[in-house]
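Undergrad: Please see the structure below; I have some questions.
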Amino acid sequence: MSVLPTTPSQTIGPYYGNALPVPGGGELAPVGHPDSVTLHGRVHDGEGEPVTDALLEFWQAAPDGSLRGAPGSLCRDGTAFTGFARVPTRRDGRFVLRTLLPGGAPYLALCVLARGLTRHLFTRVYFALPEDDPLLSALPPERRSTLLAVPDPGHHRAYRFDVHLRGEHETVFLDFS
């Protein structure tokens with residue numbers, strides 16, 4: 001009896017990296033903006049291995065706290081701040097986003113889509129941990145750090161944020177069920 005190879009219809013999909021990423025999807029900040037920051041990191045599975053085909057969607061307020069920038073838009077004109085980004089991970093599980101620090105809410109909303117997940121996951125990326133945030137206040141202190149982007153001393157105006165889907169360092173995900 002011969003064994004045939006598995007076909008895509010026999011594996012868990014969908015395959016987000018094939019159709020949803022767009023050129024410049026991770027460029028929220030207008031090119032050359034003096035206040036732009038880089039957020040970079042890696043997505044890890046439960047074994048600590050990189051997730052090579054995840055898709056990350058970010059939503060955020062503009063620096064003045066408004067949502068004036070065309071939320072949900074992937075149209076980039078090089079000057080407008082849209083408040084929405086769609087970033088795929090690379091072969092090593094890394095992602096890069098260039099944005100402006102949000103005003104109002106001190107975080108970026110993040111949705112993680114990846115193979116093997118039956119539902120996408122929601123979390124937040126904080127650049128500082130405010131004491132009066134209801135979500136953070138409801139978490140044990142040792143879990144709050146999984147939502148914090150830390151300054152990357154090796155790069156100018158850069159922060160590192162890793163997403164851990166499971167395991168010892170699992171990122172806190174929000175439950176909307």
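Chains: A, B, ... in order of the structure tokens. Residues: from 1 per chain. Ligands: from 1, in order shown.
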Can you list, as a count of residues only, every residue of region 70-139 of chain A that DSSP puts in strand (DSSP E)?
TA: 24
Undergrad: What's around Leu135 (chain A) at 10 Å? Count only C-alpha atoms, leave out sequence neighbours fewer than 6 positions away in its own chain, and write the answer as a PyMOL selection string.
TA: chain A and resi 124+144+174
Undergrad: Go ahead and write the selection's residues with N, CA, C and O atoms as an mmCIF file, in the first residue's frame.
TA:
data_model
loop_
_atom_site.group_PDB
_atom_site.id
_atom_site.type_symbol
_atom_site.label_atom_id
_atom_site.label_comp_id
_atom_site.auth_asym_id
_atom_site.auth_seq_id
_atom_site.Cartn_x
_atom_site.Cartn_y
_atom_site.Cartn_z
ATOM 1 N N ARG A 124 -3.199 42.815 24.118
ATOM 2 C CA ARG A 124 -2.787 44.217 24.056
ATOM 3 C C ARG A 124 -1.267 44.303 24.150
ATOM 4 O O ARG A 124 -0.639 43.447 24.755
ATOM 5 N N ARG A 144 1.336 40.497 34.125
ATOM 6 C CA ARG A 144 1.237 41.797 33.452
ATOM 7 C C ARG A 144 2.377 42.026 32.470
ATOM 8 O O ARG A 144 2.195 42.625 31.423
ATOM 9 N N LEU A 174 -7.199 37.874 25.715
ATOM 10 C CA LEU A 174 -8.510 38.285 26.201
ATOM 11 C C LEU A 174 -9.574 37.312 25.746
ATOM 12 O O LEU A 174 -9.528 36.826 24.611
#
Undergrad: Using only C-alpha atoms, which of A:Val150, A:Ala85, A:Ala80, A:Ala62 sits nearest Gly24 (chain A)?
TA: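 For Gly24 (chain A), the nearest of the candidates is A:Ala85.
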Undergrad: Quick one: of A:Ala105, A:Arg42, A:Asp53, A:Leu97, who's nearest to Pro134 (chain A), counting only C-alpha atoms?
TA: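 Using only C-alpha atoms, Pro134 (chain A) sits closest to A:Ala105.
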Undergrad: Env of region 155-166 of chain A: 6 Å cut, atoms = only C-alpha atoms, seq-sep filter 2 positions within chain, self excluded. Answer as a PyMOL selection string.
TA: chain A and resi 37-46+149-153+170-171
Undergrad: I'd like to know which of A:Ser36, A:Leu147, A:Ala54, A:Val31 is closest to Leu117 (chain A), using only C-alpha atoms.
TA: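 Distance minimum relative to Leu117 (chain A) lands on A:Ala54.
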Undergrad: Go through chain A and collect every residue that DSSP, computed from the backbone, puts in alpha helix (DSSP H); the answer should be as a list in words.
TA: Tyr16, Gly17, Asn18, Ala19, Pro134, Leu135, Leu136, Ser137, Pro141, Glu142, Arg143 and Arg144 of chain A
Undergrad: As a count of residues only, please: the residues near Phe122 (chain A) (cut-off 12 Å, only C-alpha atoms, same-chain neighbours under 4 positions excluded).
TA: 20
Undergrad: List the spatial neighbours of Ala29 (chain A) as a list in words - criterion: any atom at most 7 Å away, only C-alpha atoms, same-chain residues fewer than 6 positions off excluded.
TA: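 With the cut-off at 7 Å, the set is Ser36, Phe81, Arg98, Thr99 and Leu100 of chain A.
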